[in-house]
>>> print(open('entry06.cif').read())   # mmCIF, C-alpha atoms
data_data
loop_
_atom_site.label_atom_id
_atom_site.label_comp_id
_atom_site.auth_asym_id
_atom_site.auth_seq_id
_atom_site.Cartn_x
_atom_site.Cartn_y
_atom_site.Cartn_z
CA MET A 11 0.00 0.00 0.00
CA ALA A 12 2.80 2.42 0.90
CA PRO A 13 4.74 1.97 -2.41
CA ALA A 14 1.58 2.58 -4.44
CA LEU A 15 0.89 5.77 -2.49
CA LEU A 16 4.41 7.01 -3.12
CA ILE A 17 4.11 6.35 -6.88
CA LEU A 18 0.81 8.27 -7.01
CA LEU A 19 2.28 11.24 -5.14
CA GLY A 20 5.27 11.27 -7.52
CA ALA A 21 3.10 11.29 -10.63
CA THR A 22 1.03 14.14 -9.23
CA ALA A 23 4.14 16.16 -8.57
CA ILE A 24 5.40 15.62 -12.13
CA LEU A 25 2.09 16.76 -13.61
CA GLN A 26 2.14 19.87 -11.45
CA VAL A 27 5.67 20.69 -12.62
CA ASP A 28 4.68 20.25 -16.29
CA SER A 29 1.64 22.42 -15.74
CA HIS A 30 3.76 25.19 -14.25
CA LEU A 31 6.18 24.89 -17.17
CA ASP A 32 3.31 25.25 -19.68
CA GLU A 33 1.97 28.25 -17.82
CA LYS A 34 5.40 29.91 -17.87
CA PHE A 35 6.04 29.00 -21.55
CA LEU A 36 4.56 31.95 -23.44
CA LEU A 37 4.64 32.02 -27.23
CA LEU A 38 6.04 35.23 -28.69
CA PRO A 39 4.87 36.58 -32.09
CA PRO A 40 7.11 36.37 -35.16
CA VAL A 41 8.96 39.46 -36.37
CA ASN A 42 9.87 41.12 -39.69
CA PHE A 43 6.73 39.86 -41.45
CA THR A 44 6.74 41.00 -45.12
CA ILE A 45 4.74 40.43 -48.31
CA LYS A 46 6.62 40.43 -51.62
CA VAL A 47 5.05 40.14 -55.07
CA THR A 48 7.04 37.52 -56.99
CA GLY A 49 4.87 37.10 -60.08
CA LEU A 50 1.50 37.62 -61.63
CA ALA A 51 -1.01 36.88 -58.82
CA GLN A 52 1.79 35.39 -56.74
CA VAL A 53 3.30 36.55 -53.43
CA LEU A 54 5.96 35.40 -51.00
CA LEU A 55 5.15 35.69 -47.29
CA ARG A 56 8.23 35.79 -45.05
CA TRP A 57 8.81 36.25 -41.31
CA GLU A 58 11.36 35.41 -38.61
CA PRO A 59 11.03 33.73 -35.21
CA ASN A 60 11.00 36.06 -32.25
CA PRO A 61 14.61 36.28 -30.99
CA ARG A 62 13.38 36.56 -27.42
CA GLN A 63 11.65 33.19 -27.63
CA GLY A 64 14.92 31.50 -26.69
CA PRO A 65 15.91 27.88 -27.27
CA SER A 66 13.41 25.28 -26.18
CA GLU A 67 12.55 21.66 -26.67
CA VAL A 68 9.04 22.72 -27.70
CA LYS A 69 8.41 22.44 -31.44
CA LEU A 70 7.18 25.71 -32.88
CA GLY A 71 5.03 26.33 -35.90
CA TYR A 72 3.04 29.15 -37.46
CA ARG A 73 -0.59 29.74 -38.33
CA VAL A 74 -1.24 32.01 -41.35
CA LYS A 75 -4.62 33.63 -41.86
CA MET A 76 -5.59 35.49 -45.02
CA THR A 77 -8.58 37.85 -44.85
CA LEU A 78 -8.33 39.61 -48.22
CA PRO A 79 -9.23 38.93 -51.03
CA GLU A 80 -10.65 35.68 -49.62
CA GLU A 81 -10.52 34.09 -46.19
CA ASP A 82 -8.01 31.27 -45.91
CA GLU A 83 -6.09 29.71 -43.03
CA TYR A 84 -3.30 27.15 -42.90
CA GLU A 85 -0.37 26.05 -40.71
CA THR A 86 3.29 25.60 -41.52
CA ARG A 87 6.64 25.04 -39.77
CA SER A 88 8.51 27.13 -42.35
CA THR A 89 9.18 30.85 -41.96
CA GLU A 90 8.17 31.61 -45.53
CA SER A 91 5.22 30.68 -47.72
CA GLU A 92 4.50 31.23 -51.40
CA ARG A 93 0.84 31.81 -52.18
CA VAL A 94 -1.27 32.36 -55.29
CA ALA A 95 -3.96 35.04 -54.97
CA VAL A 96 -5.62 37.79 -56.99
CA LEU A 97 -4.03 41.12 -56.05
CA HIS A 98 -6.15 43.81 -57.70
CA GLN A 99 -8.10 44.26 -54.43
CA GLY A 100 -5.03 44.18 -52.22
CA LEU A 101 -3.92 41.49 -49.77
CA ALA A 102 -4.29 41.27 -45.98
CA VAL A 103 -2.47 38.50 -44.09
CA SER A 104 -1.68 37.78 -40.43
CA VAL A 105 0.68 35.23 -38.81
CA GLN A 106 1.10 33.90 -35.24
CA THR A 107 3.36 31.46 -33.46
CA ILE A 108 1.85 28.16 -32.32
CA ARG A 109 3.00 24.96 -30.57
CA TRP A 110 3.31 22.39 -33.32
CA ASP A 111 3.05 19.45 -30.93
CA GLU A 112 0.08 20.83 -29.02
CA ARG A 113 -2.36 22.77 -31.21
CA ALA A 114 -4.74 23.47 -28.30
CA HIS A 115 -2.09 25.61 -26.58
CA PRO A 116 -2.85 29.33 -26.96
CA GLY A 117 -0.90 30.90 -29.80
CA SER A 118 0.92 34.19 -29.79
CA ARG A 119 -0.72 37.41 -30.78
CA TRP A 120 -1.31 37.99 -34.49
CA VAL A 121 1.15 39.99 -36.57
CA PRO A 122 -0.54 41.64 -39.58
CA ALA A 123 0.84 42.68 -42.97
CA ARG A 124 -0.95 44.31 -45.87
CA LEU A 125 -0.43 44.79 -49.59
CA GLU A 126 -2.34 47.74 -50.96
CA ALA A 127 -4.44 47.52 -54.10
CA PRO A 128 -2.76 48.87 -57.27
CA PRO A 129 -3.75 52.40 -58.30
CA GLY A 130 -6.57 53.06 -60.75
CA SER A 131 -9.86 54.86 -61.13
CA PRO A 132 -12.99 52.98 -60.01
CA GLY A 133 -15.04 51.47 -62.83
CA THR A 134 -12.17 51.40 -65.33
CA ALA A 135 -11.05 47.78 -64.85
CA ALA A 136 -12.03 45.14 -67.37
CA ALA A 137 -15.09 43.09 -66.39
CA ASN A 138 -16.50 39.59 -66.99
CA LEU A 139 -13.16 38.02 -67.85
CA THR A 140 -13.58 34.47 -69.18
CA CYS A 141 -10.99 32.06 -70.57
CA THR A 142 -11.01 28.63 -72.23
CA THR A 143 -8.23 26.29 -73.24
CA SER A 144 -8.18 23.62 -75.94
CA THR A 145 -5.70 20.99 -77.08
CA VAL A 146 -4.30 21.05 -80.61
CA GLU A 147 -2.20 18.45 -82.39
CA ASN A 148 1.39 19.53 -82.70
CA GLY A 149 2.51 17.10 -85.38
CA SER A 150 6.15 16.09 -85.02
CA ALA A 151 7.25 19.22 -83.16
CA PRO A 152 10.04 18.71 -80.60
CA SER A 153 7.86 20.20 -77.85
CA GLY A 154 5.56 17.17 -78.04
CA PRO A 155 2.55 15.86 -80.00
CA TYR A 156 0.10 18.34 -78.43
CA HIS A 157 0.01 21.98 -77.38
CA VAL A 158 -2.61 24.04 -75.57
CA SER A 159 -4.22 27.18 -76.99
CA LEU A 160 -5.82 29.88 -74.85
CA HIS A 161 -8.69 32.26 -75.63
CA CYS A 162 -9.86 35.00 -73.25
CA ALA A 163 -12.55 37.67 -73.57
CA TRP A 164 -13.71 40.57 -71.40
CA LEU A 165 -15.84 43.70 -71.36
CA SER A 166 -14.61 47.27 -70.98
CA GLY A 167 -15.16 48.96 -67.64
CA GLU A 168 -18.32 51.03 -67.34
CA ASP A 169 -16.36 54.21 -66.59
CA ALA A 170 -13.37 53.48 -68.83
CA PRO A 171 -12.57 56.35 -71.26
CA GLU A 172 -13.11 55.75 -74.96
CA ASP A 173 -9.36 55.69 -75.65
CA THR A 174 -8.77 52.86 -73.15
CA GLN A 175 -6.69 49.98 -74.41
CA TYR A 176 -6.47 46.73 -72.44
CA PHE A 177 -3.54 44.31 -72.31
CA LEU A 178 -3.68 40.67 -71.21
CA TYR A 179 -1.01 38.54 -69.55
CA TYR A 180 -1.14 34.98 -68.32
CA ARG A 181 1.14 33.01 -66.01
CA TYR A 182 1.35 29.26 -65.67
CA GLY A 183 4.00 27.94 -63.33
CA ALA A 184 7.07 30.12 -63.73
CA ARG A 185 6.27 31.24 -67.29
CA THR A 186 4.52 34.54 -68.05
CA GLU A 187 3.43 35.61 -71.53
CA GLU A 188 1.77 38.71 -73.02
CA CYS A 189 -0.98 38.49 -75.61
CA ARG A 190 -0.09 39.46 -79.19
CA GLN A 191 -3.33 38.70 -81.04
CA TYR A 192 -6.23 40.90 -79.91
CA SER A 193 -9.80 41.26 -81.14
CA ARG A 194 -11.43 44.68 -80.88
CA ASP A 195 -14.95 45.93 -80.23
CA THR A 196 -16.92 48.57 -82.16
CA GLN A 197 -14.99 51.33 -80.38
CA LYS A 198 -11.70 49.73 -81.45
CA ARG A 199 -10.84 48.71 -77.88
CA SER A 200 -9.27 45.30 -77.33
CA SER A 201 -11.91 42.89 -76.00
CA ALA A 202 -10.45 39.41 -76.56
CA CYS A 203 -7.13 37.65 -76.90
CA TRP A 204 -5.97 34.48 -78.65
CA PHE A 205 -2.84 32.45 -77.88
CA PRO A 206 -2.44 29.77 -80.58
CA SER A 207 0.17 28.04 -78.44
CA THR A 208 1.02 28.41 -74.74
CA PHE A 209 3.20 26.99 -71.97
CA ILE A 210 0.11 25.53 -70.26
CA GLU A 211 0.20 21.82 -69.47
CA VAL A 212 -3.34 20.51 -69.71
CA ARG A 213 -2.51 17.61 -67.39
CA GLY A 214 -0.95 19.92 -64.81
CA HIS A 215 -2.48 21.03 -61.52
CA ASP A 216 -1.20 24.61 -61.24
CA TRP A 217 -3.51 27.59 -61.29
CA LEU A 218 -3.74 29.65 -64.47
CA ALA A 219 -3.33 33.31 -63.51
CA VAL A 220 -4.61 35.96 -65.92
CA ARG A 221 -4.31 39.74 -65.60
CA VAL A 222 -5.91 42.46 -67.74
CA SER A 223 -4.34 45.88 -67.31
CA GLY A 224 -4.98 49.03 -69.32
CA SER A 225 -3.88 52.50 -70.31
CA SER A 226 -5.60 55.77 -71.17
CA GLN A 227 -4.63 59.41 -71.53
CA HIS A 228 -7.61 60.49 -69.43
CA ALA A 229 -7.58 58.13 -66.43
CA ALA A 230 -5.51 55.53 -64.61
CA ILE A 231 -6.90 52.11 -65.54
CA ARG A 232 -7.19 49.66 -62.66
CA PRO A 233 -5.87 46.15 -63.40
CA MET A 234 -7.90 43.01 -62.81
CA ASP A 235 -6.63 39.52 -61.88
CA ARG A 236 -8.37 36.16 -62.03
CA LEU A 237 -7.36 32.59 -61.26
CA PHE A 238 -8.62 29.63 -63.29
CA ALA A 239 -8.50 25.92 -62.52
CA LEU A 240 -7.59 24.14 -65.75
CA HIS A 241 -10.22 21.42 -65.40
CA ALA A 242 -12.94 24.09 -65.20
CA ILE A 243 -12.00 25.90 -68.44
CA ASP A 244 -10.53 23.15 -70.62
CA GLN A 245 -12.73 22.66 -73.70
CA VAL A 246 -12.29 18.99 -74.54
CA ASN A 247 -12.26 18.07 -78.24
CA PRO A 248 -15.07 15.79 -79.50
CA PRO A 249 -14.35 12.13 -80.27
CA VAL A 250 -13.08 11.37 -83.78
CA ASN A 251 -13.74 8.70 -86.42
CA VAL A 252 -17.27 7.95 -85.27
CA THR A 253 -18.80 5.04 -87.22
CA ALA A 254 -22.22 3.37 -87.00
CA GLU A 255 -23.52 0.12 -88.51
CA ARG A 256 -27.00 -1.39 -88.30
CA ALA A 257 -27.84 -5.07 -88.77
CA GLY A 258 -31.60 -5.45 -88.51
CA THR A 259 -32.54 -3.81 -85.22
CA ARG A 260 -29.00 -3.92 -83.78
CA LEU A 261 -27.09 -0.62 -83.96
CA SER A 262 -23.33 -0.72 -83.29
CA ILE A 263 -21.37 2.54 -82.75
CA GLN A 264 -17.60 2.96 -82.42
CA TRP A 265 -15.25 5.96 -82.11
CA GLU A 266 -11.73 7.02 -81.10
CA LYS A 267 -10.66 9.21 -78.19
CA PRO A 268 -10.45 13.00 -78.68
CA VAL A 269 -7.27 14.82 -79.62
CA SER A 270 -5.81 15.16 -76.13
CA ALA A 271 -2.72 14.56 -74.03
CA PHE A 272 -4.81 12.33 -71.75
CA PRO A 273 -4.69 8.58 -72.47
CA THR A 274 -7.68 6.51 -73.59
CA HIS A 275 -8.80 5.39 -70.12
CA CYS A 276 -9.19 9.02 -68.97
CA PHE A 277 -12.44 9.73 -70.83
CA ASP A 278 -16.15 9.39 -70.23
CA TYR A 279 -18.49 9.44 -73.23
CA GLU A 280 -22.12 10.23 -73.96
CA VAL A 281 -23.87 8.81 -77.04
CA LYS A 282 -26.94 10.44 -78.63
CA ILE A 283 -29.18 8.50 -81.05
CA ASP A 284 -31.74 10.88 -82.56
CA ASN A 285 -34.74 10.63 -84.91
CA PRO A 286 -36.42 14.08 -84.84
CA GLY A 287 -39.10 13.09 -87.34
CA LYS A 288 -40.53 10.52 -84.93
CA GLY A 289 -39.67 12.39 -81.73
CA TYR A 290 -37.13 9.76 -80.64
CA CYS A 291 -33.93 10.67 -78.78
CA GLN A 292 -31.78 8.29 -76.72
CA LYS A 293 -28.79 9.41 -74.62
CA GLU A 294 -26.52 6.96 -72.84
CA LYS A 295 -23.18 7.34 -71.01
CA THR A 296 -20.29 4.91 -71.22
CA THR A 297 -16.58 4.66 -70.41
CA THR A 298 -15.62 2.55 -73.44
CA ASN A 299 -15.13 3.42 -77.11
CA GLU A 300 -18.15 1.50 -78.35
CA PHE A 301 -21.88 1.29 -77.77
CA THR A 302 -24.67 -1.04 -78.90
CA SER A 303 -28.42 -0.32 -78.95
CA THR A 304 -31.66 -1.75 -80.32
CA VAL A 305 -33.53 0.47 -82.79
CA SER A 306 -36.27 0.21 -85.40
CA ASP A 307 -35.16 -1.20 -88.74
CA ILE A 308 -37.40 1.12 -90.76
CA SER A 309 -36.19 4.51 -89.43
CA LYS A 310 -33.31 6.86 -90.09
CA TYR A 311 -31.11 7.91 -87.15
CA SER A 312 -28.35 10.43 -86.53
CA ILE A 313 -25.59 9.40 -84.12
CA GLN A 314 -23.34 11.81 -82.20
CA VAL A 315 -20.81 11.32 -79.39
CA ARG A 316 -19.20 13.74 -76.94
CA ALA A 317 -16.47 13.33 -74.31
CA ALA A 318 -15.28 14.61 -70.93
CA VAL A 319 -12.13 13.89 -68.94
CA SER A 320 -12.92 11.38 -66.20
CA PHE A 321 -12.46 12.14 -62.50
CA VAL A 322 -9.99 9.21 -62.49
CA CYS A 323 -7.42 11.48 -64.16
CA ARG A 324 -8.44 14.93 -62.89
CA ALA A 325 -11.32 16.87 -61.36
CA GLY A 326 -14.55 16.90 -63.36
CA GLY A 327 -14.79 19.48 -66.10
CA LEU A 328 -16.66 20.47 -69.25
CA TRP A 329 -18.19 18.16 -71.85
CA SER A 330 -16.93 18.53 -75.37
CA ALA A 331 -19.10 19.60 -78.28
CA TRP A 332 -21.02 16.84 -80.06
CA SER A 333 -19.20 15.09 -82.90
CA PRO A 334 -20.51 15.65 -86.45
CA PRO A 335 -23.64 13.51 -87.01
CA VAL A 336 -23.39 10.09 -88.65
CA TYR A 337 -26.58 8.76 -90.30
CA VAL A 338 -27.86 5.20 -90.60
CA GLY A 339 -31.16 3.81 -92.00
CA ASN A 340 -33.81 5.27 -94.30
CA ASP A 341 -37.24 6.61 -93.35
CA ASP A 342 -38.68 5.59 -96.78
CA GLN A 343 -37.66 1.97 -96.38
CA LYS A 344 -40.51 -0.52 -95.66
CA PRO A 345 -40.10 -4.08 -94.40
CA TRP A 346 -41.02 -7.04 -96.65
CA THR A 347 -44.05 -7.85 -94.47
CA GLU A 348 -45.52 -4.41 -95.15
CA TRP A 349 -44.89 -4.74 -98.89
CA PHE A 350 -46.50 -8.21 -98.85
CA LEU A 351 -49.67 -6.84 -97.23
CA VAL A 352 -49.90 -4.03 -99.80
CA VAL A 353 -49.52 -6.43 -102.76
CA LEU A 354 -51.99 -8.93 -101.26
CA SER A 355 -54.63 -6.24 -100.71
CA ALA A 356 -54.30 -4.96 -104.29
CA THR A 357 -54.57 -8.52 -105.70
CA LEU A 358 -57.74 -9.29 -103.73
CA CYS A 359 -59.38 -6.07 -104.91
CA CYS A 360 -58.65 -6.89 -108.56
CA LEU A 361 -60.03 -10.44 -108.22
CA LEU A 362 -63.22 -9.17 -106.58
CA LEU A 363 -63.84 -6.64 -109.34
CA LEU A 364 -63.28 -9.30 -112.05
CA LEU A 365 -65.69 -11.71 -110.36
CA CYS A 366 -68.41 -9.11 -110.07
CA ARG A 367 -68.10 -8.17 -113.73
CA THR A 368 -68.14 -11.78 -114.98
CA CYS A 369 -71.08 -13.19 -112.95
CA HIS A 370 -73.20 -10.03 -112.75
CA LEU A 371 -72.89 -10.41 -109.02
CA TRP A 372 -73.23 -6.73 -108.49
CA THR A 373 -76.67 -6.61 -110.22
CA LYS A 374 -77.97 -9.53 -108.16
CA LEU A 375 -76.78 -8.11 -104.93
CA PHE A 376 -77.93 -4.58 -105.68
CA PRO A 377 -80.89 -4.61 -108.21
CA PRO A 378 -81.67 -1.35 -110.04
CA VAL A 379 -84.34 0.97 -108.63
CA PRO A 380 -87.39 1.64 -111.03
CA ALA A 381 -87.60 5.03 -112.64
CA PRO A 382 -90.12 7.39 -110.96
CA LYS A 383 -93.48 8.37 -112.64
CA SER A 384 -93.98 11.58 -114.52
CA SER A 385 -95.58 14.54 -112.84
CA ILE A 386 -99.35 14.50 -112.21
CA ARG A 387 -99.91 17.28 -114.64
CA ASP A 388 -98.70 14.97 -117.42
CA PHE A 389 -101.32 12.27 -116.69
CA ALA A 390 -104.37 14.13 -117.98
CA ALA A 391 -104.16 15.29 -121.53
CA GLY A 392 -107.83 16.41 -121.41
CA ILE A 393 -111.09 15.83 -119.64
CA ASN A 394 -114.50 15.67 -121.51
CA TYR A 395 -117.81 15.88 -119.75
CA GLU A 396 -120.90 14.41 -121.42
CA LYS A 397 -124.37 14.46 -120.02
CA SER A 398 -127.41 12.55 -121.37
CA GLY A 399 -130.71 14.23 -122.25
CA SER A 400 -132.69 12.24 -119.69
CA GLY A 401 -133.76 14.14 -116.65
CA GLU A 402 -133.62 11.11 -114.35
CA THR A 403 -130.10 10.06 -114.82
CA ASP A 404 -126.94 12.05 -115.50
CA ILE A 405 -124.09 10.16 -117.07
CA GLU A 406 -120.52 11.53 -116.76
CA VAL A 407 -117.88 10.15 -119.02
CA ILE A 408 -114.24 10.74 -118.14
CA SER A 409 -111.68 9.85 -120.73
CA TYR A 410 -108.00 9.60 -119.97
CA VAL A 411 -105.72 10.05 -122.83
CA GLU A 412 -102.36 8.57 -121.99
CA GLU A 413 -99.20 9.57 -123.65
CA PRO A 414 -96.71 6.95 -124.75
CA GLY A 415 -94.86 5.32 -121.90
CA LEU A 416 -97.77 5.56 -119.42
CA GLU A 417 -100.13 2.75 -118.36
CA VAL A 418 -103.66 2.62 -120.01
CA LEU A 419 -106.52 3.21 -117.58
CA GLU A 420 -110.02 1.83 -118.28
CA ASP A 421 -112.89 4.28 -118.79
CA CYS A 422 -115.14 4.67 -115.82
CA VAL A 423 -118.82 5.30 -116.39
CA PHE A 424 -120.92 6.55 -113.52
#
>>> encode(input="entry06.cif", output="structure tokens")
Amino acid sequence: MAPALLILLGATAILQVDSHLDEKFLLLPPVNFTIKVTGLAQVLLRWEPNPRQGPSEVKLGYRVKMTLPEEDEYETRSTESERVAVLHQGLAVSVQTIRWDERAHPGSRWVPARLEAPPGSPGTAAANLTCTTSTVENGSAPSGPYHVSLHCAWLSGEDAPEDTQYFLYYRYGARTEECRQYSRDTQKRSSACWFPSTFIEVRGHDWLAVRVSGSSQHAAIRPMDRLFALHAIDQVNPPVNVTAERAGTRLSIQWEKPVSAFPTHCFDYEVKIDNPGKGYCQKEKTTTNEFTSTVSDISKYSIQVRAAVSFVCRAGGLWSAWSPPVYVGNDDQKPWTEWFLVVLSATLCCLLLLLCRTCHLWTKLFPPVPAPKSSIRDFAAGINYEKSGSGETDIEVISYVEEPGLEVLEDCVF
């Protein structure tokens, strides 16, 4: 009993000592915190440990919190951090010292740093900046079989002077390039840019940073930055060499993968079988390069296929455009059973007409109706009245004179 009590008292004493050490161990904030712009939409955050912190067995780390342009927070053991962020609104960041081995321990006070927004008049920056990338075959070029093109478009700022000219730059990785092929609006201001070939790697994971700056003789034009994830703007090419064959009611469709740096297994497909005349449309998704369906053998169909990069190879993105339509079947075609019924019906009708004409069957079945009598005014050609001389009896003689074609009526004497 006594040894157990001594062990318990010793453990309690050790815990009390550690608690006092933790209470006395105060974390001091870092010093010399700076923000340096190292590239388009790219900054380097750098600080130093507090020299008064002194050596210690406690592992130190740092918590970085970004409040502008967007809220973000992360932890690191390094004293510098490279970050990608849009800078046209400025940048506000804070850093504090933390215990790396005990995150619940209170950190030091925050040390802020700020990067001011670039100069420029409000309402002059370009607006609604959009960009898309697409993959193009490169032939036998030494840079590889494929290259990526880039197209961006924007609108002029509402308060931008009429002489404003905009300029576009993009950065991918460590490479930055200025646009050289602009499209212009009705006021001859640049409104779009086309890069036939870029340093962008479509299978990469870096952000695409784009900046549109401007110049004018009447106002300072504010620049505008935007970050794009490649999977969200990559316009996948449609599948190629689409073929379709029909054997009876069985429709077989095959195709090849789009022009892309991604391998065959990286694509999802959607097949569309359409017959607008009969209001029929079938859409099915598949992960292979072929599809089989059952259709009518007396209709004409158009077949199209589109593709998207599968989540197996990168984050989900856009579907490609539909491939050019391929047609199978013929709406005017009739099956042999339908032709047989038409010929049989015509033959029966001809035989029935011949039978009726030969055997006078029509006259026996439907005898003729007698012709109607003439009008009453044609019956009497004249009426003669004769009376005898006797006073007792009067005799009236009525004669009916009938014209040819009428029945002869006997004379009536009263």
>>> atom_distance(input="entry06.cif", atom1="atom CA of Glu83 of chain A", atom2="atom CA of Ser223 of chain A")
29.2 Å
>>> closest_residue(input="entry06.cif", among="A:Thr208, A:Gln106, A:Gln314, A:Asn299", to="Tyr84 of chain A", atoms="all atoms listed in the file")
A:Gln106
>>> resolve_selection(input="entry06.cif", expression="the PyMOL selection byres ((chain A and resi 291) around 12)", output="PyMOL selection string")
chain A and resi 281-290+292-294+305+310-314
>>> resolve_selection(input="entry06.cif", expression="the PyMOL selection byres ((chain A and resi 258-271) around 6)", output="list in words")
Thr145, Asn247, Pro248, Pro249, Val250, Asn251, Val252, Thr253, Ala254, Glu255, Arg256, Ala257, Phe272, Asn299, Glu300, Phe301, Thr302, Ser303, Thr304, Val305, Ser306 and Asp307 of chain A
>>> resolve_selection(input="entry06.cif", expression="the PyMOL selection byres ((chain A and resi 201-205) around 8)", output="PyMOL selection string")
chain A and resi 159-166+176+178+189-195+199-200+206-208
>>> closest_residue(input="entry06.cif", among="A:Lys69, A:Trp329, A:Ser320, A:Tyr180", to="Cys141 of chain A", atoms="all atoms listed in the file")
A:Tyr180
>>> closest_residue(input="entry06.cif", among="A:Arg324, A:Arg119, A:His157, A:Arg236", to="Gly214 of chain A", atoms="only C-alpha atoms")
A:Arg324
>>> atom_distance(input="entry06.cif", atom1="atom CA of Lys198 of chain A", atom2="atom CA of Pro171 of chain A")
12.2 Å
>>> residues_around(input="entry06.cif", residues="Val53 of chain A", least_positions_apart="3", cutoff="8 Å", atoms="only C-alpha atoms", output="list in words")
Ile45, Lys46, Val47, Thr48, Gly49, Glu92, Arg93, Val94 and Ala95 of chain A
>>> closest_atom_pairs(input="entry06.cif", of="segment 61-143 of chain A", to="segment 39-42 of chain A", cutoff="10 Å", atoms="only C-alpha atoms", output="Markdown table")
| residue | atom | partner | partner_atom | distance |
| --- | --- | --- | --- | --- |
| A:Pro61 | CA | A:Val41 | CA | 8.4 |
| A:Arg62 | CA | A:Pro39 | CA | 9.7 |
| A:Gln63 | CA | A:Pro39 | CA | 8.8 |
| A:Tyr72 | CA | A:Pro40 | CA | 8.6 |
| A:Thr89 | CA | A:Pro40 | CA | 9.0 |
| A:Val105 | CA | A:Pro40 | CA | 7.5 |
| A:Gln106 | CA | A:Pro39 | CA | 5.6 |
| A:Thr107 | CA | A:Pro39 | CA | 5.5 |
| A:Ile108 | CA | A:Pro39 | CA | 8.9 |
| A:Gly117 | CA | A:Pro39 | CA | 8.4 |
| A:Ser118 | CA | A:Pro39 | CA | 5.2 |
| A:Arg119 | CA | A:Pro39 | CA | 5.8 |
| A:Trp120 | CA | A:Pro39 | CA | 6.8 |
| A:Val121 | CA | A:Pro39 | CA | 6.7 |
| A:Ala123 | CA | A:Asn42 | CA | 9.7 |
>>> closest_residue(input="entry06.cif", among="A:Gln52, A:Asn60, A:Thr274, A:Thr298", to="Asp235 of chain A", atoms="all atoms listed in the file")
A:Gln52
>>> atom_distance(input="entry06.cif", atom1="atom CA of Leu328 of chain A", atom2="atom CA of Ile243 of chain A")
7.2 Å
>>> closest_residue(input="entry06.cif", among="A:Pro155, A:Pro273, A:Ala184, A:Val246", to="Arg316 of chain A", atoms="all atoms listed in the file")
A:Val246
>>> residues_near_point(input="entry06.cif", point="(-8.0, 33.1, -62.2)", cutoff="12 Å", atoms="all atoms listed in the file", output="count of residues only")
34
>>> decode(input="entry06.cif", residues="segment 116-135 of chain A", atoms="C-alpha atoms", output="PDB file, in the first residue's frame")
ATOM      1  CA  PRO A 116      -2.849  29.335 -26.955  1.00  0.00           C
ATOM      2  CA  GLY A 117      -0.897  30.898 -29.804  1.00  0.00           C
ATOM      3  CA  SER A 118       0.917  34.192 -29.790  1.00  0.00           C
ATOM      4  CA  ARG A 119      -0.725  37.410 -30.776  1.00  0.00           C
ATOM      5  CA  TRP A 120      -1.306  37.986 -34.495  1.00  0.00           C
ATOM      6  CA  VAL A 121       1.150  39.991 -36.570  1.00  0.00           C
ATOM      7  CA  PRO A 122      -0.544  41.635 -39.585  1.00  0.00           C
ATOM      8  CA  ALA A 123       0.838  42.677 -42.970  1.00  0.00           C
ATOM      9  CA  ARG A 124      -0.951  44.307 -45.868  1.00  0.00           C
ATOM     10  CA  LEU A 125      -0.426  44.787 -49.592  1.00  0.00           C
ATOM     11  CA  GLU A 126      -2.335  47.742 -50.963  1.00  0.00           C
ATOM     12  CA  ALA A 127      -4.438  47.522 -54.103  1.00  0.00           C
ATOM     13  CA  PRO A 128      -2.760  48.870 -57.269  1.00  0.00           C
ATOM     14  CA  PRO A 129      -3.755  52.401 -58.295  1.00  0.00           C
ATOM     15  CA  GLY A 130      -6.566  53.062 -60.745  1.00  0.00           C
ATOM     16  CA  SER A 131      -9.862  54.862 -61.128  1.00  0.00           C
ATOM     17  CA  PRO A 132     -12.987  52.983 -60.008  1.00  0.00           C
ATOM     18  CA  GLY A 133     -15.040  51.472 -62.834  1.00  0.00           C
ATOM     19  CA  THR A 134     -12.166  51.397 -65.328  1.00  0.00           C
ATOM     20  CA  ALA A 135     -11.054  47.784 -64.847  1.00  0.00           C
TER      21      ALA A 135
END
